[in-house]
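Shown here: query-v4.txt, compact mmCIF, C-alpha atoms.
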# COMPACT_ATOMS: atom_id res chain seq x y z
CA MET A 1 66.69 98.49 147.69
CA ALA A 2 63.14 97.28 148.20
CA SER A 3 61.49 95.06 145.56
CA SER A 4 59.32 98.03 144.60
CA VAL A 5 60.02 101.74 144.59
CA ILE A 6 57.54 104.59 144.79
CA GLY A 7 58.52 107.61 142.72
CA LYS A 8 57.92 111.21 143.65
CA SER A 9 55.12 111.10 141.09
CA GLY A 10 53.37 108.40 143.13
CA ARG A 11 54.02 105.79 140.47
CA VAL A 12 55.07 102.33 141.72
CA TYR A 13 58.03 100.63 140.03
CA VAL A 14 58.38 96.87 140.53
CA GLN A 15 61.85 95.41 140.05
CA ASP A 16 62.17 93.11 137.06
CA LYS A 17 65.88 92.28 136.56
CA VAL A 18 69.41 93.56 137.07
CA LEU A 19 70.77 95.48 134.08
CA GLN A 20 74.20 96.22 135.49
CA ARG A 21 75.80 94.91 138.66
CA GLN A 22 77.83 97.27 140.84
CA TRP A 23 80.29 96.69 143.68
CA GLU A 24 77.47 97.04 146.18
CA GLU A 25 74.20 95.24 145.60
CA LYS A 26 72.21 98.29 146.65
CA SER A 27 73.81 100.21 143.78
CA ASN A 28 72.80 97.76 141.03
CA ILE A 29 71.08 99.38 138.05
CA LEU A 30 67.71 97.70 137.58
CA ARG A 31 64.92 97.37 135.10
CA ALA A 32 61.50 97.85 136.63
CA GLU A 33 57.93 97.64 135.41
CA SER A 34 55.12 100.10 136.02
CA GLU A 35 51.73 100.16 134.35
CA ASN A 36 52.91 97.78 131.60
CA GLU A 37 55.97 99.89 130.74
CA PHE A 38 59.63 99.30 131.53
CA PHE A 39 61.90 101.80 133.25
CA VAL A 40 65.46 101.99 134.54
CA LEU A 41 66.07 102.48 138.26
CA LYS A 42 69.48 103.99 138.91
CA PRO A 43 70.64 104.44 142.54
CA VAL A 44 73.25 107.19 142.82
CA ARG A 45 75.20 108.88 145.56
CA ARG A 46 73.55 111.90 147.16
CA PRO A 47 75.80 114.52 145.46
CA PHE A 48 74.96 113.10 142.02
CA TYR A 49 71.29 112.84 142.93
CA GLU A 50 71.24 116.53 143.83
CA LEU A 51 73.26 117.43 140.73
CA SER A 52 70.82 115.56 138.49
CA ARG A 53 67.89 117.33 140.11
CA THR A 54 69.57 120.71 139.68
CA LEU A 55 70.51 120.15 136.03
CA ALA A 56 67.09 118.75 135.19
CA ALA A 57 65.52 121.93 136.54
CA GLU A 58 68.07 124.18 134.83
CA PHE A 59 67.71 122.50 131.44
CA ALA A 60 64.02 121.65 131.59
CA GLY A 61 62.67 121.09 128.10
CA SER A 62 66.07 120.44 126.53
CA ARG A 63 65.94 118.17 123.48
CA ARG A 64 69.59 117.22 123.81
CA LEU A 65 69.92 115.86 127.35
CA ARG A 66 68.77 112.60 128.83
CA MET A 67 66.79 113.59 131.92
CA HIS A 68 65.30 111.38 134.60
CA ILE A 69 61.50 111.34 134.55
CA ASP A 70 60.91 110.42 138.20
CA CYS A 71 62.90 109.95 141.39
CA ASN A 72 62.84 108.59 144.93
CA GLU A 73 64.50 110.92 147.44
CA ILE A 74 64.63 108.39 150.29
CA GLU A 75 66.84 105.95 148.38
CA ASP A 76 68.44 108.47 145.98
CA ILE A 77 67.06 106.69 142.92
CA LEU A 78 66.64 108.26 139.50
CA VAL A 79 64.10 106.78 137.08
CA TYR A 80 64.67 106.79 133.31
CA PRO A 81 62.76 105.40 130.32
CA TYR A 82 64.02 101.97 129.29
CA PHE A 83 65.41 101.32 125.82
CA ARG A 84 66.21 97.83 124.57
CA ASP A 85 69.52 98.67 122.93
CA THR A 86 72.28 101.25 122.56
CA LEU A 87 73.65 103.01 119.50
CA LEU A 88 76.76 100.82 119.75
CA GLY A 89 74.66 97.66 119.95
CA ILE A 90 72.35 98.58 117.07
CA ILE A 91 75.22 99.11 114.65
CA GLN A 92 77.19 96.08 115.85
CA ASN A 93 74.14 93.85 115.45
CA ASP A 94 73.29 95.21 112.01
CA PRO A 95 76.53 96.21 110.22
CA ASP A 96 74.64 96.53 106.93
CA PHE A 97 72.38 99.25 108.32
CA PRO A 98 72.42 101.90 105.53
CA THR A 99 74.79 104.78 106.24
CA THR A 100 72.25 107.29 104.94
CA GLU A 101 69.78 106.06 107.54
CA ARG A 102 72.34 106.18 110.38
CA LYS A 103 72.44 109.95 110.13
CA LYS A 104 68.85 109.99 111.37
CA PHE A 105 70.10 108.85 114.79
CA TYR A 106 71.20 112.45 115.34
CA ASN A 107 67.83 113.92 114.43
CA VAL A 108 65.95 112.58 117.45
CA ASP A 109 64.76 114.75 120.31
CA VAL A 110 66.98 113.19 122.97
CA VAL A 111 70.73 112.73 123.10
CA LEU A 112 71.88 110.50 125.94
CA GLY A 113 73.89 111.93 128.80
CA ASP A 114 75.02 110.63 132.17
CA PHE A 115 75.21 113.17 134.98
CA ASP A 116 77.04 110.71 137.24
CA ILE A 117 80.31 111.81 135.64
CA ALA A 118 79.20 115.25 134.53
CA PHE A 119 80.98 118.44 135.47
CA LYS A 120 79.73 121.94 134.79
CA SER A 121 82.68 123.88 133.44
CA GLU A 122 82.82 127.51 134.52
CA GLY A 123 84.74 130.00 132.42
CA GLY A 124 86.43 127.34 130.30
CA LYS A 125 88.85 126.39 133.05
CA ALA A 126 90.63 123.06 132.40
CA ARG A 127 89.84 120.25 134.82
CA GLU A 128 92.26 117.73 136.31
CA THR A 129 91.19 114.46 137.91
CA PRO A 130 93.13 111.72 139.75
CA HIS A 131 92.31 109.31 136.94
CA ALA A 132 90.72 109.28 133.50
CA ILE A 133 86.92 109.30 133.40
CA GLY A 134 84.75 107.29 131.02
CA ASN A 135 85.38 104.56 128.47
CA ALA A 136 88.88 104.60 126.98
CA MET A 137 87.58 104.12 123.42
CA TRP A 138 85.68 107.41 123.42
CA ARG A 139 88.03 109.69 125.36
CA SER A 140 89.95 112.58 123.87
CA PRO A 141 93.77 112.39 124.05
CA GLU A 142 93.85 114.75 127.02
CA GLY A 143 90.93 112.84 128.50
CA GLN A 144 93.07 109.70 128.58
CA THR A 145 95.41 111.53 130.97
CA GLY A 146 92.80 113.21 133.16
CA LYS A 147 94.74 116.45 132.62
CA GLY A 148 93.61 119.61 130.84
CA VAL A 149 90.06 118.39 130.24
CA THR A 150 87.66 121.03 128.89
CA LYS A 151 84.48 121.25 126.84
CA ALA A 152 86.69 120.65 123.80
CA SER A 153 87.34 117.15 125.15
CA ASP A 154 83.65 116.31 124.70
CA ILE A 155 83.76 117.62 121.13
CA PHE A 156 86.52 115.12 120.32
CA SER A 157 84.46 112.30 121.84
CA PHE A 158 81.40 113.35 119.86
CA GLY A 159 83.54 113.29 116.72
CA LEU A 160 84.47 109.68 117.46
CA VAL A 161 80.79 108.78 117.88
CA CYS A 162 80.06 110.40 114.51
CA ILE A 163 82.83 108.34 112.88
CA TYR A 164 81.47 105.16 114.44
CA THR A 165 77.90 105.88 113.39
CA LEU A 166 78.96 106.62 109.82
CA SER A 167 80.64 103.21 109.36
CA GLY A 168 84.12 103.96 110.69
CA GLY A 169 83.83 101.67 113.69
CA GLU A 170 86.60 99.28 112.65
CA PHE A 171 89.10 102.08 113.20
CA LEU A 172 87.90 102.81 116.74
CA LEU A 173 86.81 99.72 118.62
CA LEU A 174 88.99 97.63 120.90
CA ASN A 175 87.63 94.12 120.64
CA ASP A 176 90.10 92.29 122.87
CA TYR A 177 91.33 94.10 125.96
CA LYS A 178 92.71 90.86 127.41
CA GLU A 179 95.05 90.32 124.49
CA LEU A 180 96.44 93.83 124.94
CA VAL A 181 97.04 93.15 128.63
CA LYS A 182 98.98 89.98 127.76
CA GLN A 183 101.24 92.14 125.59
CA GLY A 184 101.71 94.64 128.38
CA ILE A 185 99.74 97.35 126.56
CA SER A 186 97.08 99.38 128.33
CA ALA A 187 93.86 100.38 126.60
CA GLU A 188 94.81 104.04 127.01
CA GLN A 189 98.18 103.49 125.34
CA GLU A 190 96.62 101.63 122.40
CA ILE A 191 93.89 104.23 121.88
CA LEU A 192 96.30 107.15 122.13
CA THR A 193 98.56 105.63 119.50
CA ARG A 194 95.63 104.93 117.17
CA HIS A 195 94.34 108.46 117.50
CA PHE A 196 97.79 109.88 116.87
CA ILE A 197 98.00 107.76 113.71
CA TYR A 198 94.56 108.80 112.45
CA PHE A 199 94.52 112.47 113.44
CA GLY A 200 98.23 113.29 113.71
CA PRO A 201 100.85 114.53 113.60
CA VAL A 202 100.63 115.57 117.26
CA PRO A 203 100.75 119.34 117.75
CA GLU A 204 102.66 121.05 120.53
CA GLY A 205 99.37 122.44 121.81
CA LEU A 206 98.31 119.03 123.14
CA TYR A 207 101.41 118.72 125.32
CA LYS A 208 100.86 122.26 126.55
CA GLN A 209 97.26 121.45 127.44
CA VAL A 210 98.16 118.29 129.40
CA ASN A 211 101.11 119.97 131.11
CA ASP A 212 102.28 116.85 132.94
CA LYS A 213 105.86 115.64 132.49
CA ASN A 214 105.17 111.91 132.75
CA TRP A 215 102.14 111.98 130.49
CA CYS A 216 103.86 114.20 127.94
CA GLU A 217 106.77 111.76 127.74
CA ALA A 218 104.36 108.86 127.26
CA MET A 219 102.45 110.74 124.56
CA LYS A 220 105.65 111.63 122.72
CA GLU A 221 106.58 107.94 122.63
CA SER A 222 103.14 107.10 121.22
CA SER A 223 103.50 109.96 118.75
CA GLU A 224 106.79 108.56 117.42
CA ILE A 225 105.22 105.14 116.93
CA ALA A 226 102.21 106.73 115.22
CA ASP A 227 104.33 108.81 112.84
CA LEU A 228 106.27 105.73 111.76
CA ALA A 229 103.05 103.80 111.17
CA ALA A 230 101.54 106.66 109.16
CA LYS A 231 104.72 106.97 107.12
CA ASP A 232 104.53 103.28 106.17
CA GLN A 233 100.76 103.36 105.67
CA PRO A 234 99.61 106.91 104.83
CA GLU A 235 96.14 105.57 104.13
CA LEU A 236 95.68 105.29 107.91
CA ARG A 237 95.41 109.06 108.24
CA PHE A 238 91.85 110.31 108.72
CA THR A 239 92.18 112.60 105.71
CA SER A 240 92.54 109.46 103.58
CA TRP A 241 90.02 106.94 104.86
CA SER A 242 87.39 109.52 105.85
CA GLN A 243 86.69 110.38 102.21
CA GLU A 244 84.09 107.61 102.15
CA LEU A 245 82.12 109.48 104.84
CA GLY A 246 81.36 112.28 102.39
CA SER A 247 82.99 115.70 102.09
CA ALA A 248 80.65 117.46 104.54
CA ALA A 249 81.05 114.84 107.28
CA GLN A 250 84.78 114.71 106.66
CA ASP A 251 85.11 118.47 107.12
CA MET A 252 83.01 118.58 110.30
CA ILE A 253 84.75 115.63 111.96
CA TYR A 254 88.20 116.85 110.91
CA TRP A 255 87.76 119.92 113.11
CA MET A 256 86.10 117.95 115.92
CA THR A 257 89.05 115.59 116.18
CA ASN A 258 91.82 118.18 116.02
CA LEU A 259 94.47 116.92 118.46
CA ASP A 260 95.02 120.44 119.80
CA PRO A 261 92.08 121.18 122.13
CA ALA A 262 92.59 124.93 121.67
CA HIS A 263 91.91 124.60 117.93
CA ARG A 264 88.97 122.18 118.05
CA THR A 265 85.65 123.41 116.79
CA THR A 266 82.85 124.33 119.20
CA ILE A 267 79.47 122.67 119.66
CA ASP A 268 77.77 125.73 118.13
CA HIS A 269 79.84 125.33 114.97
CA VAL A 270 79.17 121.59 114.90
CA LEU A 271 75.40 122.03 115.12
CA SER A 272 75.39 124.72 112.44
CA HIS A 273 77.61 122.74 110.05
CA ARG A 274 76.28 122.09 106.56
CA TRP A 275 76.51 118.30 107.14
CA TRP A 276 73.19 118.32 108.99
CA GLN A 277 71.43 119.51 105.84
CA ASP A 278 73.69 117.65 103.41
CA ARG A 279 72.12 114.65 101.63
CA GLU A 280 75.37 112.80 100.85

Serialized structure, structure tokens:
Amino acid sequence: MASSVIGKSGRVYVQDKVLQRQWEEKSNILRAESENEFFVLKPVRRPFYELSRTLAAEFAGSRRLRMHIDCNEIEDILVYPYFRDTLLGIIQNDPDFPTTERKKFYNVDVVLGDFDIAFKSEGGKARETPHAIGNAMWRSPEGQTGKGVTKASDIFSFGLVCIYTLSGGEFLLLNDYKELVKQGISAEQEILTRHFIYFGPVPEGLYKQVNDKNWCEAMKESSEIADLAAKDQPELRFTSWSQELGSAAQDMIYWMTNLDPAHRTTIDHVLSHRWWQDRE
């Protein structure tokens, strides 16, 4: 990538620093400056570049999707506004941030999205991938397997983000992947077991959704461990520790994190839930 990039708008973006290094140098995600403002330059593969262009046109004016604001077709670069921190970082750096104020994070005009790993589901058909997509901490149980992934999988992930934002982060975060590896435990295995403890017991519907012999056997092992843990410490169930989130938030997230994808709530029900107007 050249030291400066000219967007379709005619604006010139001058590289400032590397934000995230990739396997190939030309794919590094960069911060750039233009007219005394900072932006993010994100090189992507041609299929994702075209997908982003298509979705940006289809959902023009959406308040809930993070859209690129400029692009360079020659180098397949998407340009985004630059923000100094992430939701995860803000809360980690200020754990005493008032819970009542955290709710306001959801009342902004833009909700971040990344079209690089986006898939437009048609007719609710479940998707299977060779491997799991995204960060293990925020995946749904079926998302950990890459099997039976639907729109309901995103609802589960959104529920986890809500829990984290409302001060439940200690239940979700993996702070030491290396220590797990030393014990021969994968991140997926640890997260699955935690989720089965919090949101269990595991319903038959989850196994039916995944529909993969090896994964179902692995999940049943995690389920047995989770049930034993919950029996010894019933306070680990979401229905117990979530009371501090408030009754409205507890009800909304309870349905978002249902372990059976077929019985999870929908995004329409989430956005119309009384929690958004509740002042708890």

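Minimum atom-to-atom distances from A:Ile197, A:Met252, A:Ile163, A:Ala126 to Ala230 (chain A) were compared using all atoms listed in the file, and the lowest value belongs to A:Ile197.
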
Distance query Thr150 (chain A) at most 8 Å, all atoms listed in the file, self and fewer than 5 positions along chain excluded, as a PyMOL selection string: chain A and resi 121+124-127

Counting only C-alpha atoms, the residue of A:Phe156, A:Gln233, A:Asp260, A:Phe38 that sits nearest Pro201 (chain A): A:Asp260

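CA of Trp138 (chain A) lies 26.9 Å from CA of Glu58 (chain A).
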
A:Ala60, A:Gly7, A:Leu228, A:Tyr80 ranked by distance to Glu37 (chain A), top pick (using all atoms listed in the file): A:Tyr80

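Across the model, the gap from CA of Ala152 (chain A) to CA of Pro261 (chain A) is 5.7 Å.
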
Å distance separating CA of Ala248 (chain A) from CA of Ser167 (chain A), one decimal place: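 Between CA of Ala248 (chain A) and CA of Ser167 (chain A) the gap is 15.0 Å.
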
Residues within 9 Å of (94.8, 105.6, 130.2), counting all atoms listed in the file, listed as an MDAnalysis selection string: chainID A and resid 131:132 136 143:146 186:192

Val270 (chain A) environment, 9 Å, only C-alpha atoms, sequence neighbours closer than 2 positions dropped, as a list in words: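 Near Val270 (chain A), the qualifying residues are Ile155, Met252, Ile253, Trp255, Met256, Thr265, Thr266, Ile267, Asp268, Ser272, His273, Arg274 and Trp275 of chain A.
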
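The smallest atom-to-atom distance between Ser52 (chain A) and any of A:Asp154, A:Val40, A:Met67, A:Lys8, using all atoms listed in the file, is found for A:Met67.
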
Of the listed residues A:Glu50, A:Phe199, A:Ser3, A:Arg45, that which approaches Ala32 (chain A) most closely, counting all atoms listed in the file: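 Smallest distance to Ala32 (chain A) is found for A:Ser3.
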
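Between Val79 (chain A) and the candidates A:Pro47, A:Gln92, A:Asp16, A:Ile6, the tightest atom-to-atom separation, counting only C-alpha atoms, involves A:Ile6.
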
Near-Leu245 (chain A) list (10 Å; only C-alpha atoms; drop same-chain fewer than 5 positions) as number ranges by chain: A: 99, 162-163, 166-168, 250-251, 253, 280

Within 7 Å of region 208-218 of chain A using all atoms listed in the file, minus same-chain residues under 5 positions, as a PyMOL selection string: chain A and resi 142+145+147-148

Give me region 27-38 of chain A with all heavy atoms filled in, as a PDB file, in the frame of the given file.
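Once written, out_21.pdb looks like this:
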ATOM      1  N   SER A  27      73.541  99.264 144.857  1.00  0.00           N
ATOM      2  CA  SER A  27      73.810 100.210 143.780  1.00  0.00           C
ATOM      3  C   SER A  27      73.550  99.636 142.392  1.00  0.00           C
ATOM      4  O   SER A  27      73.774 100.310 141.382  1.00  0.00           O
ATOM      5  CB  SER A  27      75.266 100.692 143.857  1.00  0.00           C
ATOM      6  OG  SER A  27      75.515 101.355 145.084  1.00  0.00           O
ATOM      7  N   ASN A  28      73.091  98.375 142.329  1.00  0.00           N
ATOM      8  CA  ASN A  28      72.800  97.760 141.030  1.00  0.00           C
ATOM      9  C   ASN A  28      71.800  98.600 140.245  1.00  0.00           C
ATOM     10  O   ASN A  28      70.845  99.148 140.805  1.00  0.00           O
ATOM     11  CB  ASN A  28      72.220  96.358 141.226  1.00  0.00           C
ATOM     12  CG  ASN A  28      73.270  95.358 141.677  1.00  0.00           C
ATOM     13  OD1 ASN A  28      74.474  95.604 141.584  1.00  0.00           O
ATOM     14  ND2 ASN A  28      72.812  94.224 142.181  1.00  0.00           N
ATOM     15  N   ILE A  29      72.022  98.693 138.939  1.00  0.00           N
ATOM     16  CA  ILE A  29      71.080  99.380 138.050  1.00  0.00           C
ATOM     17  C   ILE A  29      70.051  98.365 137.596  1.00  0.00           C
ATOM     18  O   ILE A  29      70.400  97.291 137.099  1.00  0.00           O
ATOM     19  CB  ILE A  29      71.819 100.007 136.864  1.00  0.00           C
ATOM     20  CG1 ILE A  29      72.824 101.048 137.372  1.00  0.00           C
ATOM     21  CG2 ILE A  29      70.823 100.661 135.898  1.00  0.00           C
ATOM     22  CD1 ILE A  29      73.696 101.638 136.289  1.00  0.00           C
ATOM     23  N   LEU A  30      68.781  98.677 137.763  1.00  0.00           N
ATOM     24  CA  LEU A  30      67.710  97.700 137.580  1.00  0.00           C
ATOM     25  C   LEU A  30      66.711  98.113 136.501  1.00  0.00           C
ATOM     26  O   LEU A  30      66.523  99.305 136.235  1.00  0.00           O
ATOM     27  CB  LEU A  30      66.951  97.511 138.898  1.00  0.00           C
ATOM     28  CG  LEU A  30      67.781  97.181 140.141  1.00  0.00           C
ATOM     29  CD1 LEU A  30      66.912  97.293 141.373  1.00  0.00           C
ATOM     30  CD2 LEU A  30      68.381  95.788 140.025  1.00  0.00           C
ATOM     31  N   ARG A  31      66.089  97.110 135.924  1.00  0.00           N
ATOM     32  CA  ARG A  31      64.920  97.370 135.100  1.00  0.00           C
ATOM     33  C   ARG A  31      63.701  97.132 135.985  1.00  0.00           C
ATOM     34  O   ARG A  31      63.672  96.199 136.797  1.00  0.00           O
ATOM     35  CB  ARG A  31      64.870  96.428 133.895  1.00  0.00           C
ATOM     36  CG  ARG A  31      63.763  96.817 132.907  1.00  0.00           C
ATOM     37  CD  ARG A  31      63.770  95.941 131.668  1.00  0.00           C
ATOM     38  NE  ARG A  31      63.212  94.616 131.930  1.00  0.00           N
ATOM     39  CZ  ARG A  31      62.939  93.712 130.994  1.00  0.00           C
ATOM     40  NH1 ARG A  31      63.204  94.006 129.719  1.00  0.00           N
ATOM     41  NH2 ARG A  31      62.451  92.535 131.302  1.00  0.00           N
ATOM     42  N   ALA A  32      62.720  97.980 135.826  1.00  0.00           N
ATOM     43  CA  ALA A  32      61.500  97.850 136.630  1.00  0.00           C
ATOM     44  C   ALA A  32      60.282  98.060 135.731  1.00  0.00           C
ATOM     45  O   ALA A  32      60.375  98.672 134.660  1.00  0.00           O
ATOM     46  CB  ALA A  32      61.498  98.863 137.759  1.00  0.00           C
ATOM     47  N   GLU A  33      59.166  97.524 136.183  1.00  0.00           N
ATOM     48  CA  GLU A  33      57.930  97.640 135.410  1.00  0.00           C
ATOM     49  C   GLU A  33      56.918  98.484 136.176  1.00  0.00           C
ATOM     50  O   GLU A  33      56.811  98.414 137.400  1.00  0.00           O
ATOM     51  CB  GLU A  33      57.338  96.255 135.141  1.00  0.00           C
ATOM     52  CG  GLU A  33      56.124  96.282 134.221  1.00  0.00           C
ATOM     53  CD  GLU A  33      55.612  94.891 133.879  1.00  0.00           C
ATOM     54  OE1 GLU A  33      56.161  93.908 134.437  1.00  0.00           O
ATOM     55  OE2 GLU A  33      54.678  94.789 133.060  1.00  0.00           O
ATOM     56  N   SER A  34      56.193  99.295 135.429  1.00  0.00           N
ATOM     57  CA  SER A  34      55.120 100.100 136.020  1.00  0.00           C
ATOM     58  C   SER A  34      54.075 100.362 134.957  1.00  0.00           C
ATOM     59  O   SER A  34      54.392 100.888 133.881  1.00  0.00           O
ATOM     60  CB  SER A  34      55.675 101.429 136.546  1.00  0.00           C
ATOM     61  OG  SER A  34      54.632 102.227 137.083  1.00  0.00           O
ATOM     62  N   GLU A  35      52.867  99.936 135.251  1.00  0.00           N
ATOM     63  CA  GLU A  35      51.730 100.160 134.350  1.00  0.00           C
ATOM     64  C   GLU A  35      52.036  99.679 132.930  1.00  0.00           C
ATOM     65  O   GLU A  35      51.836 100.389 131.934  1.00  0.00           O
ATOM     66  CB  GLU A  35      51.340 101.643 134.350  1.00  0.00           C
ATOM     67  CG  GLU A  35      50.934 102.147 135.729  1.00  0.00           C
ATOM     68  CD  GLU A  35      50.655 103.635 135.756  1.00  0.00           C
ATOM     69  OE1 GLU A  35      50.524 104.240 134.655  1.00  0.00           O
ATOM     70  OE2 GLU A  35      50.580 104.201 136.855  1.00  0.00           O
ATOM     71  N   ASN A  36      52.611  98.459 132.862  1.00  0.00           N
ATOM     72  CA  ASN A  36      52.910  97.780 131.600  1.00  0.00           C
ATOM     73  C   ASN A  36      53.998  98.464 130.762  1.00  0.00           C
ATOM     74  O   ASN A  36      54.090  98.254 129.549  1.00  0.00           O
ATOM     75  CB  ASN A  36      51.626  97.644 130.751  1.00  0.00           C
ATOM     76  CG  ASN A  36      50.593  96.777 131.441  1.00  0.00           C
ATOM     77  OD1 ASN A  36      50.909  95.736 132.004  1.00  0.00           O
ATOM     78  ND2 ASN A  36      49.338  97.236 131.408  1.00  0.00           N
ATOM     79  N   GLU A  37      54.814  99.273 131.401  1.00  0.00           N
ATOM     80  CA  GLU A  37      55.970  99.890 130.740  1.00  0.00           C
ATOM     81  C   GLU A  37      57.223  99.576 131.544  1.00  0.00           C
ATOM     82  O   GLU A  37      57.163  99.371 132.761  1.00  0.00           O
ATOM     83  CB  GLU A  37      55.808 101.412 130.662  1.00  0.00           C
ATOM     84  CG  GLU A  37      54.712 101.892 129.753  1.00  0.00           C
ATOM     85  CD  GLU A  37      54.691 103.414 129.680  1.00  0.00           C
ATOM     86  OE1 GLU A  37      55.542 103.978 128.967  1.00  0.00           O
ATOM     87  OE2 GLU A  37      53.855 104.030 130.360  1.00  0.00           O
ATOM     88  N   PHE A  38      58.362  99.539 130.851  1.00  0.00           N
ATOM     89  CA  PHE A  38      59.630  99.300 131.530  1.00  0.00           C
ATOM     90  C   PHE A  38      60.395 100.601 131.749  1.00  0.00           C
ATOM     91  O   PHE A  38      60.346 101.510 130.920  1.00  0.00           O
ATOM     92  CB  PHE A  38      60.503  98.328 130.721  1.00  0.00           C
ATOM     93  CG  PHE A  38      60.018  96.908 130.760  1.00  0.00           C
ATOM     94  CD1 PHE A  38      59.634  96.265 129.589  1.00  0.00           C
ATOM     95  CD2 PHE A  38      59.960  96.207 131.963  1.00  0.00           C
ATOM     96  CE1 PHE A  38      59.184  94.952 129.611  1.00  0.00           C
ATOM     97  CE2 PHE A  38      59.511  94.899 131.995  1.00  0.00           C
ATOM     98  CZ  PHE A  38      59.120  94.271 130.825  1.00  0.00           C
TER      99      PHE A  38
END
